[in-house]
Structure formats: C-alpha cells, structure tokens
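Structure file final08.cif (mmCIF, C-alpha atoms, pLDDT in the B column; chains and numbers go by the auth columns) is printed below.
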data_structure
loop_
_atom_site.group_PDB
_atom_site.id
_atom_site.type_symbol
_atom_site.label_atom_id
_atom_site.label_comp_id
_atom_site.label_asym_id
_atom_site.label_seq_id
_atom_site.Cartn_x
_atom_site.Cartn_y
_atom_site.Cartn_z
_atom_site.B_iso_or_equiv
_atom_site.auth_seq_id
_atom_site.auth_asym_id
ATOM 1 C CA GLY A 1 0.000 0.000 0.000 54.00 1 A
ATOM 2 C CA ALA A 2 0.971 3.625 -0.299 82.00 2 A
ATOM 3 C CA GLY A 3 3.205 5.068 2.350 92.00 3 A
ATOM 4 C CA VAL A 4 3.533 8.626 3.546 95.00 4 A
ATOM 5 C CA SER A 5 4.205 10.988 0.676 95.00 5 A
ATOM 6 C CA GLN A 6 5.585 14.511 0.769 96.00 6 A
ATOM 7 C CA THR A 7 5.705 17.192 -1.866 97.00 7 A
ATOM 8 C CA PRO A 8 7.769 18.782 -3.154 97.00 8 A
ATOM 9 C CA SER A 9 10.836 16.626 -2.633 95.00 9 A
ATOM 10 C CA ASN A 10 13.031 19.693 -2.992 97.00 10 A
ATOM 11 C CA LYS A 11 12.230 23.357 -2.564 97.00 11 A
ATOM 12 C CA VAL A 12 14.629 26.228 -3.151 98.00 12 A
ATOM 13 C CA THR A 13 13.446 29.679 -2.155 97.00 13 A
ATOM 14 C CA GLU A 14 14.831 33.086 -1.391 97.00 14 A
ATOM 15 C CA LYS A 15 15.082 34.648 2.027 97.00 15 A
ATOM 16 C CA GLY A 16 11.845 36.352 2.981 97.00 16 A
ATOM 17 C CA LYS A 17 9.581 34.233 0.777 97.00 17 A
ATOM 18 C CA TYR A 18 6.630 32.104 1.869 98.00 18 A
ATOM 19 C CA VAL A 19 6.641 28.315 1.391 98.00 19 A
ATOM 20 C CA GLU A 20 4.181 25.480 1.840 98.00 20 A
ATOM 21 C CA LEU A 21 5.169 21.862 2.339 98.00 21 A
ATOM 22 C CA ARG A 22 2.605 19.109 1.912 98.00 22 A
ATOM 23 C CA CYS A 23 2.225 15.742 3.614 98.00 23 A
ATOM 24 C CA ASP A 24 -0.111 12.898 2.599 97.00 24 A
ATOM 25 C CA PRO A 25 -0.294 10.397 5.456 96.00 25 A
ATOM 26 C CA ILE A 26 -1.182 6.740 5.232 95.00 26 A
ATOM 27 C CA SER A 27 -4.924 6.372 4.752 93.00 27 A
ATOM 28 C CA GLY A 28 -6.709 5.851 8.053 91.00 28 A
ATOM 29 C CA HIS A 29 -3.882 7.151 10.239 93.00 29 A
ATOM 30 C CA THR A 30 -5.276 9.639 12.715 91.00 30 A
ATOM 31 C CA ALA A 31 -1.987 10.908 14.126 92.00 31 A
ATOM 32 C CA LEU A 32 0.357 13.067 12.039 95.00 32 A
ATOM 33 C CA TYR A 33 3.719 14.509 13.040 95.00 33 A
ATOM 34 C CA TRP A 34 6.108 17.037 11.529 97.00 34 A
ATOM 35 C CA TYR A 35 9.819 16.917 12.308 97.00 35 A
ATOM 36 C CA ARG A 36 12.772 18.969 11.081 97.00 36 A
ATOM 37 C CA GLN A 37 16.167 17.447 10.405 95.00 37 A
ATOM 38 C CA SER A 38 19.190 19.698 10.051 94.00 38 A
ATOM 39 C CA LEU A 39 22.347 18.405 8.395 90.00 39 A
ATOM 40 C CA GLY A 40 24.116 15.861 10.547 87.00 40 A
ATOM 41 C CA GLN A 41 21.440 15.906 13.235 90.00 41 A
ATOM 42 C CA GLY A 42 18.555 13.761 14.272 93.00 42 A
ATOM 43 C CA PRO A 43 14.997 14.857 13.520 96.00 43 A
ATOM 44 C CA GLU A 44 13.444 17.355 15.933 96.00 44 A
ATOM 45 C CA PHE A 45 9.752 17.457 16.722 95.00 45 A
ATOM 46 C CA LEU A 46 7.717 20.388 15.421 96.00 46 A
ATOM 47 C CA ILE A 47 4.007 19.655 15.740 95.00 47 A
ATOM 48 C CA TYR A 48 1.554 16.816 16.257 92.00 48 A
ATOM 49 C CA PHE A 49 -2.018 16.476 14.966 93.00 49 A
ATOM 50 C CA GLN A 50 -4.657 14.138 16.253 90.00 50 A
ATOM 51 C CA GLY A 51 -7.385 14.306 13.622 89.00 51 A
ATOM 52 C CA THR A 52 -7.899 17.876 12.516 91.00 52 A
ATOM 53 C CA GLY A 53 -6.552 19.580 15.611 89.00 53 A
ATOM 54 C CA ALA A 54 -2.993 20.471 16.520 89.00 54 A
ATOM 55 C CA ALA A 55 -2.676 18.639 19.831 85.00 55 A
ATOM 56 C CA ASP A 56 0.886 19.782 20.471 89.00 56 A
ATOM 57 C CA ASP A 57 2.649 22.592 18.618 92.00 57 A
ATOM 58 C CA SER A 58 5.311 23.219 21.227 91.00 58 A
ATOM 59 C CA GLY A 59 8.127 22.296 18.833 93.00 59 A
ATOM 60 C CA LEU A 60 7.418 25.082 16.344 96.00 60 A
ATOM 61 C CA PRO A 61 10.435 27.404 16.610 95.00 61 A
ATOM 62 C CA ASN A 62 8.534 30.700 16.246 95.00 62 A
ATOM 63 C CA ASP A 63 5.355 32.248 14.875 95.00 63 A
ATOM 64 C CA ARG A 64 6.627 32.158 11.287 97.00 64 A
ATOM 65 C CA PHE A 65 5.809 28.430 11.315 97.00 65 A
ATOM 66 C CA PHE A 66 2.245 27.201 11.081 96.00 66 A
ATOM 67 C CA ALA A 67 0.612 23.907 10.097 97.00 67 A
ATOM 68 C CA VAL A 68 -2.913 22.822 9.258 96.00 68 A
ATOM 69 C CA ARG A 69 -4.786 19.592 8.704 96.00 69 A
ATOM 70 C CA PRO A 70 -8.298 20.780 7.846 94.00 70 A
ATOM 71 C CA GLU A 71 -9.898 17.434 6.958 93.00 71 A
ATOM 72 C CA GLY A 72 -7.877 15.172 9.196 91.00 72 A
ATOM 73 C CA SER A 73 -5.802 13.749 6.367 94.00 73 A
ATOM 74 C CA VAL A 74 -3.433 15.897 4.306 97.00 74 A
ATOM 75 C CA SER A 75 -1.360 18.396 6.249 98.00 75 A
ATOM 76 C CA THR A 76 0.448 21.532 5.107 98.00 76 A
ATOM 77 C CA LEU A 77 3.384 23.104 6.916 98.00 77 A
ATOM 78 C CA LYS A 78 3.611 26.802 6.186 98.00 78 A
ATOM 79 C CA ILE A 79 6.669 28.975 6.707 98.00 79 A
ATOM 80 C CA GLN A 80 6.450 32.750 6.384 97.00 80 A
ATOM 81 C CA ARG A 81 9.351 35.143 5.789 97.00 81 A
ATOM 82 C CA THR A 82 11.808 32.294 5.385 97.00 82 A
ATOM 83 C CA GLU A 83 15.313 32.640 6.791 97.00 83 A
ATOM 84 C CA ARG A 84 18.530 30.854 5.849 96.00 84 A
ATOM 85 C CA GLY A 85 18.399 29.038 9.163 96.00 85 A
ATOM 86 C CA ASP A 86 15.155 27.362 8.088 97.00 86 A
ATOM 87 C CA SER A 87 17.096 25.268 5.563 97.00 87 A
ATOM 88 C CA ALA A 88 16.639 21.626 6.538 97.00 88 A
ATOM 89 C CA VAL A 89 14.802 18.443 5.613 97.00 89 A
ATOM 90 C CA TYR A 90 11.212 18.552 6.820 98.00 90 A
ATOM 91 C CA LEU A 91 9.854 15.114 7.661 97.00 91 A
ATOM 92 C CA CYS A 92 6.279 14.044 8.071 97.00 92 A
ATOM 93 C CA ALA A 93 5.184 10.884 9.878 95.00 93 A
ATOM 94 C CA SER A 94 1.843 9.274 10.563 94.00 94 A
ATOM 95 C CA SER A 95 0.630 6.583 12.907 92.00 95 A
ATOM 96 C CA LEU A 96 -2.610 4.703 13.362 89.00 96 A
ATOM 97 C CA THR A 97 -3.365 6.278 16.727 78.00 97 A
ATOM 98 C CA ARG A 98 -1.429 8.318 19.250 66.00 98 A
ATOM 99 C CA ASP A 99 -0.578 5.461 21.600 66.00 99 A
ATOM 100 C CA LEU A 100 2.990 4.361 20.873 68.00 100 A
ATOM 101 C CA ASP A 101 2.036 3.051 17.427 76.00 101 A
ATOM 102 C CA GLU A 102 4.861 2.895 14.928 84.00 102 A
ATOM 103 C CA GLN A 103 5.378 6.193 13.175 90.00 103 A
ATOM 104 C CA PHE A 104 5.803 5.803 9.424 93.00 104 A
ATOM 105 C CA PHE A 105 7.959 8.471 7.849 94.00 105 A
ATOM 106 C CA GLY A 106 7.796 10.111 4.472 95.00 106 A
ATOM 107 C CA PRO A 107 10.890 10.774 2.363 93.00 107 A
ATOM 108 C CA GLY A 108 11.002 14.413 3.418 95.00 108 A
ATOM 109 C CA THR A 109 11.139 17.786 1.719 97.00 109 A
ATOM 110 C CA ARG A 110 14.570 19.360 1.459 97.00 110 A
ATOM 111 C CA LEU A 111 14.132 23.108 1.904 98.00 111 A
ATOM 112 C CA THR A 112 16.962 25.427 0.889 98.00 112 A
ATOM 113 C CA VAL A 113 16.672 29.126 1.660 97.00 113 A
ATOM 114 C CA LEU A 114 19.152 31.225 -0.303 96.00 114 A
ATOM 115 C CA GLY B 1 13.719 17.182 29.489 79.00 115 B
ATOM 116 C CA ASN B 2 14.147 14.057 27.433 86.00 116 B
ATOM 117 C CA SER B 3 17.345 13.455 25.480 92.00 117 B
ATOM 118 C CA VAL B 4 19.180 10.720 23.613 95.00 118 B
ATOM 119 C CA THR B 5 22.942 10.488 23.147 95.00 119 B
ATOM 120 C CA GLN B 6 24.551 8.251 20.538 94.00 120 B
ATOM 121 C CA MET B 7 28.160 7.321 20.053 81.00 121 B
ATOM 122 C CA GLU B 8 29.957 9.611 17.686 77.00 122 B
ATOM 123 C CA GLY B 9 30.323 8.418 14.141 81.00 123 B
ATOM 124 C CA PRO B 10 30.993 7.652 11.468 94.00 124 B
ATOM 125 C CA VAL B 11 31.626 3.939 11.917 95.00 125 B
ATOM 126 C CA THR B 12 33.387 1.939 9.213 97.00 126 B
ATOM 127 C CA LEU B 13 33.514 -1.854 9.365 97.00 127 B
ATOM 128 C CA SER B 14 34.405 -4.763 7.129 97.00 128 B
ATOM 129 C CA GLU B 15 31.739 -7.230 6.108 97.00 129 B
ATOM 130 C CA GLU B 16 30.981 -9.874 8.786 96.00 130 B
ATOM 131 C CA ALA B 17 32.411 -7.697 11.574 97.00 131 B
ATOM 132 C CA PHE B 18 30.575 -7.246 14.878 97.00 132 B
ATOM 133 C CA LEU B 19 28.662 -3.990 15.308 97.00 133 B
ATOM 134 C CA THR B 20 27.856 -2.025 18.433 96.00 134 B
ATOM 135 C CA ILE B 21 26.350 1.464 18.365 97.00 135 B
ATOM 136 C CA ASN B 22 25.968 2.920 21.826 97.00 136 B
ATOM 137 C CA CYS B 23 22.882 4.817 22.905 97.00 137 B
ATOM 138 C CA THR B 24 22.057 6.302 26.294 97.00 138 B
ATOM 139 C CA TYR B 25 19.024 8.316 27.273 95.00 139 B
ATOM 140 C CA THR B 26 17.695 10.742 29.847 93.00 140 B
ATOM 141 C CA ALA B 27 13.989 10.713 30.540 88.00 141 B
ATOM 142 C CA THR B 28 11.551 10.777 33.396 81.00 142 B
ATOM 143 C CA GLY B 29 9.365 7.781 33.976 80.00 143 B
ATOM 144 C CA TYR B 30 9.449 4.812 31.657 82.00 144 B
ATOM 145 C CA PRO B 31 10.050 5.719 28.040 89.00 145 B
ATOM 146 C CA SER B 32 9.750 3.380 25.090 90.00 146 B
ATOM 147 C CA LEU B 33 12.965 3.054 23.091 93.00 147 B
ATOM 148 C CA PHE B 34 13.502 2.705 19.365 95.00 148 B
ATOM 149 C CA TRP B 35 16.126 2.300 16.694 97.00 149 B
ATOM 150 C CA TYR B 36 15.343 3.832 13.319 96.00 150 B
ATOM 151 C CA VAL B 37 17.417 3.345 10.171 97.00 151 B
ATOM 152 C CA GLN B 38 17.765 5.636 7.168 94.00 152 B
ATOM 153 C CA TYR B 39 19.120 3.946 4.059 93.00 153 B
ATOM 154 C CA PRO B 40 20.610 6.167 1.343 87.00 154 B
ATOM 155 C CA GLY B 41 17.870 7.984 -0.523 83.00 155 B
ATOM 156 C CA GLU B 42 15.088 6.546 1.629 86.00 156 B
ATOM 157 C CA GLY B 43 12.937 7.674 4.524 87.00 157 B
ATOM 158 C CA LEU B 44 13.353 6.698 8.161 93.00 158 B
ATOM 159 C CA GLN B 45 12.238 3.161 8.959 94.00 159 B
ATOM 160 C CA LEU B 46 11.633 1.566 12.313 94.00 160 B
ATOM 161 C CA LEU B 47 14.262 -1.129 12.897 97.00 161 B
ATOM 162 C CA LEU B 48 13.304 -2.357 16.370 96.00 162 B
ATOM 163 C CA LYS B 49 11.785 -1.229 19.632 94.00 163 B
ATOM 164 C CA ALA B 50 11.460 -2.095 23.316 94.00 164 B
ATOM 165 C CA THR B 51 8.736 -0.760 25.560 90.00 165 B
ATOM 166 C CA LYS B 52 9.858 -1.786 29.043 89.00 166 B
ATOM 167 C CA ALA B 53 12.970 -2.555 31.055 92.00 167 B
ATOM 168 C CA ASP B 54 14.854 -5.747 30.121 95.00 168 B
ATOM 169 C CA ASP B 55 12.888 -6.113 26.881 95.00 169 B
ATOM 170 C CA LYS B 56 14.971 -7.049 23.864 97.00 170 B
ATOM 171 C CA GLY B 57 14.006 -5.712 20.464 97.00 171 B
ATOM 172 C CA SER B 58 15.262 -7.583 17.409 97.00 172 B
ATOM 173 C CA ASN B 59 14.931 -7.410 13.636 97.00 173 B
ATOM 174 C CA LYS B 60 17.070 -8.323 10.607 95.00 174 B
ATOM 175 C CA GLY B 61 19.810 -9.706 12.865 97.00 175 B
ATOM 176 C CA PHE B 62 19.990 -6.497 14.928 98.00 176 B
ATOM 177 C CA GLU B 63 19.292 -6.545 18.657 98.00 177 B
ATOM 178 C CA ALA B 64 19.029 -4.005 21.463 98.00 178 B
ATOM 179 C CA THR B 65 18.159 -4.519 25.139 98.00 179 B
ATOM 180 C CA TYR B 66 16.423 -1.896 27.270 96.00 180 B
ATOM 181 C CA ARG B 67 18.695 -1.415 30.297 96.00 181 B
ATOM 182 C CA LYS B 68 17.047 0.839 32.840 93.00 182 B
ATOM 183 C CA GLU B 69 19.905 0.597 35.345 94.00 183 B
ATOM 184 C CA THR B 70 22.355 2.057 32.839 95.00 184 B
ATOM 185 C CA THR B 71 19.739 4.041 30.841 95.00 185 B
ATOM 186 C CA SER B 72 21.056 2.434 27.672 96.00 186 B
ATOM 187 C CA PHE B 73 19.754 0.804 24.498 97.00 187 B
ATOM 188 C CA HIS B 74 22.842 -0.239 22.555 98.00 188 B
ATOM 189 C CA LEU B 75 22.383 -1.631 19.045 98.00 189 B
ATOM 190 C CA GLU B 76 24.287 -4.791 18.130 98.00 190 B
ATOM 191 C CA LYS B 77 24.657 -7.103 15.179 98.00 191 B
ATOM 192 C CA GLY B 78 26.904 -10.126 15.054 97.00 192 B
ATOM 193 C CA SER B 79 27.857 -9.993 11.384 96.00 193 B
ATOM 194 C CA VAL B 80 27.227 -6.871 9.319 97.00 194 B
ATOM 195 C CA GLN B 81 26.651 -6.831 5.583 97.00 195 B
ATOM 196 C CA VAL B 82 27.325 -4.177 2.964 97.00 196 B
ATOM 197 C CA SER B 83 23.567 -3.653 2.739 96.00 197 B
ATOM 198 C CA ASP B 84 23.540 -2.509 6.389 97.00 198 B
ATOM 199 C CA SER B 85 25.297 0.712 5.384 97.00 199 B
ATOM 200 C CA ALA B 86 22.961 3.468 6.560 96.00 200 B
ATOM 201 C CA VAL B 87 22.423 6.073 9.267 95.00 201 B
ATOM 202 C CA TYR B 88 21.062 4.686 12.539 97.00 202 B
ATOM 203 C CA PHE B 89 19.052 6.782 14.983 97.00 203 B
ATOM 204 C CA CYS B 90 18.245 5.926 18.563 97.00 204 B
ATOM 205 C CA ALA B 91 15.006 7.476 19.801 95.00 205 B
ATOM 206 C CA LEU B 92 12.588 7.488 22.702 93.00 206 B
ATOM 207 C CA ILE B 93 8.974 8.277 23.349 89.00 207 B
ATOM 208 C CA ARG B 94 7.952 9.571 26.709 76.00 208 B
ATOM 209 C CA GLU B 95 4.257 9.619 26.166 65.00 209 B
ATOM 210 C CA GLU B 96 2.859 12.923 27.210 60.00 210 B
ATOM 211 C CA THR B 97 -0.786 13.623 27.659 51.00 211 B
ATOM 212 C CA SER B 98 -0.929 15.187 24.222 50.00 212 B
ATOM 213 C CA GLY B 99 0.761 12.610 22.033 63.00 213 B
ATOM 214 C CA SER B 100 3.794 10.476 21.399 75.00 214 B
ATOM 215 C CA ARG B 101 6.564 12.640 20.002 86.00 215 B
ATOM 216 C CA LEU B 102 9.860 10.949 19.207 91.00 216 B
ATOM 217 C CA THR B 103 13.080 12.373 20.627 92.00 217 B
ATOM 218 C CA PHE B 104 16.037 11.345 18.465 95.00 218 B
ATOM 219 C CA GLY B 105 19.764 11.073 18.943 96.00 219 B
ATOM 220 C CA GLU B 106 22.177 12.646 16.493 94.00 220 B
ATOM 221 C CA GLY B 107 22.478 9.568 14.311 95.00 221 B
ATOM 222 C CA THR B 108 25.427 7.280 13.544 96.00 222 B
ATOM 223 C CA GLN B 109 26.610 6.765 9.984 95.00 223 B
ATOM 224 C CA LEU B 110 27.613 3.140 9.364 96.00 224 B
ATOM 225 C CA THR B 111 29.615 2.126 6.314 97.00 225 B
ATOM 226 C CA VAL B 112 30.305 -1.547 5.685 97.00 226 B
ATOM 227 C CA ASN B 113 33.016 -2.381 3.172 97.00 227 B
ATOM 228 C CA PRO B 114 33.156 -5.679 1.254 95.00 228 B
#
Before anything else, please render the file you have as structure tokens.
Amino acid sequence: GAGVSQTPSNKVTEKGKYVELRCDPISGHTALYWYRQSLGQGPEFLIYFQGTGAADDSGLPNDRFFAVRPEGSVSTLKIQRTERGDSAVYLCASSLTRDLDEQFFGPGTRLTVL
Amino acid sequence: GNSVTQMEGPVTLSEEAFLTINCTYTATGYPSLFWYVQYPGEGLQLLLKATKADDKGSNKGFEATYRKETTSFHLEKGSVQVSDSAVYFCALIREETSGSRLTFGEGTQLTVNP
C-alpha cells in the first residue's frame, strides 16, 4: 500500500519568501507529526495532529511556522518570511493512533533558503 | 527534558564484523525506546523497539536490550553486511498527555566495506 508521501521533494526559495510543504499520510492514520532534520542531526519534533486539531505545537520554533490539517488527512506546513536558518529536511510521519504506534515516515522535503 | 545520546560516528567496518552502536538516554518515567534506520535515498524506517525494562528488540539480525539501570539501548549485530550501510538513529517516546513525540539522537553513519 501507499506510504507517507511529501511534496515537493526539494524546494529552493529566497530569504523572505513564503513556502508550503505538503504531507499525505497513510490512509486511516489519525496521528500526524512534523519533524525537522538539520544536516548531521537527528529529527526534531515540530508539531503533532490528532485528527484535525494540533494537539501539540510546542516544537514550532517561532510564529513564522504554522501547520494545518483541515480534513484530518493531508497536512500543510507553512513557513512565512523564510530565513537561511530554516534550511533543513522537513519530515512528516503518521501513525494509526497516538498510543505508541509505529510512526511511518515520508521521504522528506529538502528546503533550501538562499 | 528528554534526550538521547549516541556514540559519535561515522563507523566503518568490514563485512561480517561485529557492530555495536551505543545509545544512552535521559527521561523521566518509563520511556519506550527505538532504533530507526535511514538507508541512502530513503525515509526513516523503524528497525526495532522495546517498551519496558529488560525487553529485547530484534529485527534483521539487529538486537538491542532496554537497560534501565544504565539508561542504555545499545544496538548490536553479530555480522554486518554491505547492505547494512545506513544512518542509525536511537530514539525514545515519553508519552505525554498530548501525544507520542519521538526524541532522536544525532544519528550514527555506518559504512560496511566488502
């Protein structure tokens, strides 16, 4: 079956621009996570959705970052006024429920801010 | 807060050598522990997990034992293959009331030469 998909796979933008990153979770998975992975580091948690609501957004670094999941399936991570420090691989994961179920990861979107 | 520390990499081994990648953690309560693997060009995949003290997770010849007394979850394999070349991440979940975010270590790059 289809796994978690993310688009685009690569995004190059200029400092100050707005970007949207999309995540399609596995069908039927209610929990969705966004992580950010900087070069040479492990992924860091950004935000968690249970259904349509953001249950925990404490990992978002500042108010330039925002994410939505309006129908409880696809999620979009939005970054305003991008900065060079936002360059990283943005990973999405989904799991069946919230309770210690295996998180299945997408291939990631590599964001480069020039 | 929660944290995971992995041995510094990269690690280079010859085929059929014994592998150990050290992982220690800091967390309150009783976290669940995981090893994820990232093969070149692919997304993160769960390799194995252990949910309570003294549990042993195993998969594909890899093993790790949850040691609460030493707060460790070292990854081992008796005979590595070239196809094991990848980045390995140790991670934990300390389930909070609002979801199950993964906390990752920095990752260890393993290269196995024929």
Please identify every residue of chain B that has at least one atom no farther than 10 Å from an atom of chain A, counting only C-alpha atoms, and for each give the shortest atom pair and the distance in Å to one decimal, arranged by chain then increasing number, as a tab-separated table.
residue	atom	partner	partner_atom	distance
B:Val118	CA	A:Gly42	CA	9.8
B:Ser146	CA	A:Leu100	CA	8.0
B:Phe148	CA	A:Glu102	CA	9.7
B:Gln152	CA	A:Pro107	CA	9.8
B:Gly155	CA	A:Pro107	CA	8.1
B:Glu156	CA	A:Pro107	CA	6.0
B:Gly157	CA	A:Pro107	CA	4.3
B:Leu158	CA	A:Phe105	CA	5.7
B:Gln159	CA	A:Phe105	CA	6.9
B:Leu160	CA	A:Glu102	CA	7.4
B:Lys163	CA	A:Glu102	CA	9.3
B:Thr165	CA	A:Leu100	CA	9.0
B:Val201	CA	A:Gly42	CA	10.0
B:Tyr202	CA	A:Gly42	CA	9.6
B:Phe203	CA	A:Gly42	CA	7.0
B:Cys204	CA	A:Gly42	CA	8.9
B:Ala205	CA	A:Gly42	CA	9.1
B:Ile207	CA	A:Leu100	CA	7.6
B:Arg208	CA	A:Leu100	CA	9.3
B:Glu209	CA	A:Leu100	CA	7.6
B:Glu210	CA	A:Asp56	CA	9.8
B:Thr211	CA	A:Ala55	CA	9.5
B:Ser212	CA	A:Ala55	CA	5.9
B:Gly213	CA	A:Arg98	CA	5.6
B:Ser214	CA	A:Arg98	CA	6.0
B:Arg215	CA	A:Phe45	CA	6.6
B:Leu216	CA	A:Phe45	CA	7.0
B:Thr217	CA	A:Glu44	CA	6.9
B:Phe218	CA	A:Gly42	CA	5.5
B:Gly219	CA	A:Gly42	CA	5.5
B:Glu220	CA	A:Gly42	CA	4.4
B:Gly221	CA	A:Gly42	CA	5.7
B:Thr222	CA	A:Gly40	CA	9.2
B:Gln223	CA	A:Gly40	CA	9.4
Between CA of Gly72 in chain A and CA of Thr30 in chain A, what is the distance in Å, rounded to a tenth?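 Spanning CA of Gly72 in chain A to CA of Thr30 in chain A is a straight-line distance of 7.1 Å.
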Using all atoms listed in the file, find the one residue out of B:Gly115, B:Gly175, B:Pro154, B:Pro228 that sits nearest to Ala200 in chain B. B:Pro154
Among listed residues B:Ala164, B:Cys137, B:Ser197, B:Tyr153, nearest Thr185 in chain B (using only C-alpha atoms):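 The answer is B:Cys137, which sits nearest to Thr185 in chain B.
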Name all residues at most 8 Å from Tyr139 in chain B (count all atoms listed in the file; drop same-chain ones fewer than 6 positions away) and give them as a PyMOL selection string. chain B and resi 116-119+185-186+206
Work out how far CA of Ser73 in chain A is from CA of Lys17 in chain A, in Å to one decimal.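 Separation of CA of Lys17 in chain A and CA of Ser73 in chain A: 26.2 Å.
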Can you list, as JSON, numbers by chain, the residues that the PyMOL selection byres ((chain A and resi 69) around 10) selects here? {"A": [23, 32, 49, 50, 51, 52, 53, 54, 67, 68, 70, 71, 72, 73, 74, 75, 76, 77]}
As a check of understanding, name the residues that the PyMOL selection byres ((chain B and resi 170) around 12) selects in the supplied structure, as a ChimeraX atom specification. /B:146-149,162-169,171-173,176-181,186-190
Would you mind exporting the chosen residues as a tab-separated table (two decimals), in the frame of the given file, restricted to C-alpha atoms?
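Result file follows (out_14.tsv):
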chain	number	residue	atom	x	y	z
B	146	SER	CA	9.75	3.38	25.09
B	147	LEU	CA	12.96	3.05	23.09
B	148	PHE	CA	13.50	2.70	19.36
B	149	TRP	CA	16.13	2.30	16.69
B	162	LEU	CA	13.30	-2.36	16.37
B	163	LYS	CA	11.78	-1.23	19.63
B	164	ALA	CA	11.46	-2.10	23.32
B	165	THR	CA	8.74	-0.76	25.56
B	166	LYS	CA	9.86	-1.79	29.04
B	167	ALA	CA	12.97	-2.56	31.06
B	168	ASP	CA	14.85	-5.75	30.12
B	169	ASP	CA	12.89	-6.11	26.88
B	171	GLY	CA	14.01	-5.71	20.46
B	172	SER	CA	15.26	-7.58	17.41
B	173	ASN	CA	14.93	-7.41	13.64
B	176	PHE	CA	19.99	-6.50	14.93
B	177	GLU	CA	19.29	-6.54	18.66
B	178	ALA	CA	19.03	-4.00	21.46
B	179	THR	CA	18.16	-4.52	25.14
B	180	TYR	CA	16.42	-1.90	27.27
B	181	ARG	CA	18.70	-1.42	30.30
B	186	SER	CA	21.06	2.43	27.67
B	187	PHE	CA	19.75	0.80	24.50
B	188	HIS	CA	22.84	-0.24	22.56
B	189	LEU	CA	22.38	-1.63	19.05
B	190	GLU	CA	24.29	-4.79	18.13
How big is the axis-aligned box around all listed atoms of range 88-102 of chain A once 4 Å goes on each side, and where's its centre, in Å to one decimal, as AutoDock Vina command-line options?
--center_x 6.6 --center_y 12.3 --center_z 13.6 --size_x 28.0 --size_y 26.7 --size_z 24.0
Identify, on the basis of all atoms listed in the file, every residue whose closest approach to Leu111 in chain A does not exceed 7 Å; exclude the query and any residue fewer than 5 positions from it along the same chain; express the result as a CSV table (one decimal) with C-alpha atoms, in the frame of the given file.
chain,number,residue,atom,x,y,z
A,10,ASN,CA,13.0,19.7,-3.0
A,11,LYS,CA,12.2,23.4,-2.6
A,12,VAL,CA,14.6,26.2,-3.2
A,87,SER,CA,17.1,25.3,5.6
A,88,ALA,CA,16.6,21.6,6.5
A,89,VAL,CA,14.8,18.4,5.6
Atomic separation - CA of Pro61 in chain A relative to CA of Thr140 in chain B, Å: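 Going from CA of Thr140 in chain B over to CA of Pro61 in chain A covers 22.5 Å.
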Which of these, A:Ala2, A:Leu60, A:Val113, A:Leu21, has the shortest distance to Thr82 in chain A once you count all atoms listed in the file? A:Val113
Using all atoms listed in the file and a cutoff of 12 Å, can you tell me which residues are near (32.8, -15.3, 4.9) in the file's coordinates, and write them out as a PDB file with C-alpha atoms, in the frame of the given file?
ATOM      1  CA  SER B 128      34.405  -4.763   7.129  1.00 97.00           C
ATOM      2  CA  GLU B 129      31.739  -7.230   6.108  1.00 97.00           C
ATOM      3  CA  GLU B 130      30.981  -9.874   8.786  1.00 96.00           C
ATOM      4  CA  ALA B 131      32.411  -7.697  11.574  1.00 97.00           C
ATOM      5  CA  SER B 193      27.857  -9.993  11.384  1.00 96.00           C
ATOM      6  CA  VAL B 194      27.227  -6.871   9.319  1.00 97.00           C
ATOM      7  CA  GLN B 195      26.651  -6.831   5.583  1.00 97.00           C
ATOM      8  CA  PRO B 228      33.156  -5.679   1.254  1.00 95.00           C
TER       9      PRO B 228
END
